[in-house]
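Following: one structure in C-alpha cells, then a few remarks.
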Amino acid sequence: ISLHSSVDSFEEINSLLGRQLQLVHVTEGPNTFNQLPILESLIKNNLEFNNLGAVTNNFENRQYVFLQNSDSTVEQKLASMDDLRNWYLTAFNLDTKQNRLPYFMKSRSLLQQMLTVASDAFGEKDKRMVPFLYKEALEKYYLMTLLTAVDELGYDANDFIFVPERIQPITYLRQGYEIVKNIGDIVRLNADKEAEGMATVYEADYQMLLGLGIARRTYQNAMDLFAEAGVREQKITDFFSRPVVIPAPEYYTSINDAMNAQEASGYLYSEGEQSEEPKIHLGNYTAWNESVAYTPLPSPPNLLSDIELDLTRVEIGFRISSRGKTRGPDAESSDPDSVRARRNAQDALKEMVFRPRFEGTRWRPTKNLTMTYWYPTEK
C-alpha cells in the first residue's frame with residue numbers, strides 16, 4: 001500500500017483495502033479487531049478522495065466493531081463513539097450546507113447513547129461521568145447559537161430543531177447550566193477542593209452567559225475553595241487575571257491544567273513599557289463555522305487530529321469591560337485580505353463573553369488585548 005500511496009493512487013488503494021477487509025471478515029468474522037487498521041486506512045484514504053459519505057460509513061463500522069466485540073472495554077467503546085461524534089461535528093464544515101444539520105442531529109443522538117453507556121457502566125454520580133456531561137453542557141450552548149444564527153444555518157436549525165422540539169434558544173443554555181451544576185455535585189463527592197473550585201468556576205461561567213447577577217459571588221466562592229485546597233495566592237490571582245472566552249471548550253479539574261492549555265493555544269503576557277498597560281495576546285480562537293462565529297470549533301477525531309481545514313485568519317485587537325463584554329474590536333489584518341473577513345471577526349468578538357478579570361474581589365476592565373481569530377471558509 002505504501003508504494004501506491006507515493007503516487008497518490010487512491011482508487012487502487014481503496015480497492016486493495018476493500019479486498020483485505022473482505023478477507024478478514026471471511027476468516028475472522030465481522031467483529032474482529034484485526035480489521036481496525038484497515039478501516040482506519042480507509043478513513044484516511046476516503047478523506048483524500050473527499051468521499052465524505054464513505055468516511056462516515058468507515059467511522060460507523062469502526063464504532064460497530066468496538067460495540068460488538070466482547071473483548072472491548074467500556075473505555076474503548078466510549079472512545080470509538082466519541083471519535084464518530086467528533087467526525088460528525090467535523091464533517092459539518094466539510095460537506096455541503098444542506099448536510100450540516102443532519103450531521104449535528106446525528107452527533108446529538110450519539111452523545112445521548114454515550115451518556116447511557118457511561119452511566120450504566122460507571123454510575124450516574126461517578127467522576128468519570130464528568131467529561132461526558134460537560135460535552136452535553138457544551139452541546140446546549142451550540143444549540144442556542146445554531147438557533148440564533150441569522151442566516152441559512154439558522155433557518156435550517158429552526159426546521160430541524162425548533163419545529164419538532166419547541167424549545168427556545170435560551171432554555172437550552174439554562175439546561176446547560178443545570179448540567180454544569182450537576183457536574184459540581186458529582187465533583188463535591190470526591191473531597192478534592194481544587195476540583196471543587198474549578199467546578200464552581202464553570203458554574204459561574206454559565207451564570208455569566210445567562211446574565212445572572214450571582215456570577216461574581218460564585219467566582220469568589222471558587223477563589224475561597226482554591227485557597228482551601230492550598231493553591232498559592234499568586235497562582236489564584238494569575239488564574240483570575242487571564243481573560244478566557246466562555247464557555248471553555250474543555251473541562252479541567254485543576255488551575256495548572258487550565259492555564260497550561262491556554263498557554264498551549266498561544267497565550268502571551270507582555271509587560272508594558274513605563275506607564276503603559278501590559279499587552280496580552282489571548283492566542284488562537286477557532287470558531288466552529290462562519291454562521292456560529294462565537295462557538296468554539298469541536299475537536300476532530302483522534303484519528304484525524306492533523307486534519308487541515310480551510311481557515312480564514314484575522315488578527316484583532318480589543319478591550320474587555322468589567323462585565324466580560326468586548327469593547328472596540330478592531331481587526332488589524334486578515335488572510336486572505338478582505339473587508340468581509342475582518343468584519344466577520346469584529347462581529348464575532350462583539351458576541352463573545354469573557355470570564356472577567358478580578359483584582360481582589362472586584363471585576364476590572366482589561367485593555368491592550370489581541371487575539372488570532374480563525375474560522376472555516378464557507379463552502
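FYI, nothing fancy with the C-alpha cells labels: chains A, B, ... in order, residues from 1 per chain, ligands from 1 as they appear.
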**OP:** List every residue of region 26-211 of chain A that DSSP, applied to the backbone of this structure, places in alpha helix (DSSP H), and write the result as number ranges by chain.
**Re:** A: 26-28, 36-49, 52-68, 74-94, 100-122, 130-147, 152-157, 163-165, 169-187, 193-210
**OP:** Write out as a ChimeraX atom specification the residues lying within 12 Å of region 180-196 of chain A, counting only C-alpha atoms and excluding same-chain residues fewer than 2 positions away.
**Re:** /A:123-141,173-178,198-207,218-219,221-232,236,247,251-258
Could you make a table, as JSON lines, of the residues of region 206-299 of chain A that have an atom within 10 Å of an atom of region 346-352 of chain A, each with its nearest atom pair and distance in Å to one decimal, counting only C-alpha atoms, in chain and number order?
```
{"residue": "A:Leu209", "atom": "CA", "partner": "A:Met352", "partner_atom": "CA", "distance": 9.3}
{"residue": "A:Val244", "atom": "CA", "partner": "A:Met352", "partner_atom": "CA", "distance": 10.0}
{"residue": "A:Val245", "atom": "CA", "partner": "A:Met352", "partner_atom": "CA", "distance": 6.7}
{"residue": "A:Ile246", "atom": "CA", "partner": "A:Met352", "partner_atom": "CA", "distance": 7.5}
{"residue": "A:Pro247", "atom": "CA", "partner": "A:Met352", "partner_atom": "CA", "distance": 9.5}
{"residue": "A:Ala287", "atom": "CA", "partner": "A:Ala348", "partner_atom": "CA", "distance": 9.0}
{"residue": "A:Glu290", "atom": "CA", "partner": "A:Ala348", "partner_atom": "CA", "distance": 9.0}
{"residue": "A:Ser291", "atom": "CA", "partner": "A:Ala348", "partner_atom": "CA", "distance": 9.6}
{"residue": "A:Val292", "atom": "CA", "partner": "A:Ala348", "partner_atom": "CA", "distance": 8.3}
{"residue": "A:Ala293", "atom": "CA", "partner": "A:Ala348", "partner_atom": "CA", "distance": 5.3}
{"residue": "A:Tyr294", "atom": "CA", "partner": "A:Ala348", "partner_atom": "CA", "distance": 5.4}
{"residue": "A:Thr295", "atom": "CA", "partner": "A:Met352", "partner_atom": "CA", "distance": 8.6}
```
Could you write those residues out with C-alpha atoms, as a tab-separated table (two decimals), in the first residue's frame?
```tsv
chain	number	residue	atom	x	y	z
A	209	LEU	CA	-23.60	33.51	29.81
A	244	VAL	CA	-10.96	33.43	28.77
A	245	VAL	CA	-13.75	33.10	26.20
A	246	ILE	CA	-16.63	31.20	27.77
A	247	PRO	CA	-17.83	28.54	27.71
A	287	ALA	CA	-14.76	29.21	15.56
A	290	GLU	CA	-18.82	31.39	9.93
A	291	SER	CA	-22.52	31.33	10.84
A	292	VAL	CA	-21.86	30.49	14.52
A	293	ALA	CA	-18.77	32.61	14.79
A	294	TYR	CA	-18.54	32.74	18.60
A	295	THR	CA	-18.87	29.00	19.10
```
Subject >> Leu369 (chain A) surroundings by only C-alpha atoms, 6 Å radius, close-in-sequence under 5 positions cut, as JSON, numbers by chain >> reply: {"A": [280, 281, 317, 318, 319]}
**OP:** Tell me which of A:Leu17, A:Val65, A:Ala345, A:Val353 sits closest to Ile320 (chain A), counting only C-alpha atoms.
**Re:**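 Looking at the shortest contact to Ile320 (chain A), the residue is A:Val353.
You will find CA of Ser41 (chain A) at 14.5 Å from CA of Val24 (chain A).
The interatomic distance for the pair CA of Asp330 (chain A) and CA of Tyr373 (chain A) works out to 11.9 Å.
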**OP:** Find, counting only C-alpha atoms, the residue in A:Tyr103, A:Val117, A:Thr361, A:Leu94 that gets nearest to Val74 (chain A).
**Re:**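 Checking each candidate against Val74 (chain A), we get A:Val117 as the closest.
When only C-alpha atoms are used to compute distances to Trp87 (chain A), the closest of the residues A:Gly213, A:Thr148, A:Val314, A:Leu303 turns out to be A:Leu303.
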Original post:
Which polymer residues have any atom within 12 Å of an atom of region 48-55 of chain A, counting only C-alpha atoms, with same-chain residues fewer than 5 positions away left out, as a PyMOL selection string?
Top reply: chain A and resi 5+8-14+18+39-43+60-62+84+87-88+90-96+99+103+301+303-304+307-308
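Here CA of Ser299 (chain A) and CA of Asp335 (chain A) stand 22.6 Å from one another.
Here the question is which of A:Trp374, A:Tyr285, A:Ser321, A:Ser265 gets nearest to Arg342 (chain A) using only C-alpha atoms, and that residue is A:Trp374.
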Original post:
If we count only C-alpha atoms, what is near Phe33 (chain A) at a cut-off of 8 Å, once residues fewer than 3 positions away on the same chain are taken out, given as a count of residues only?
Top reply: 4
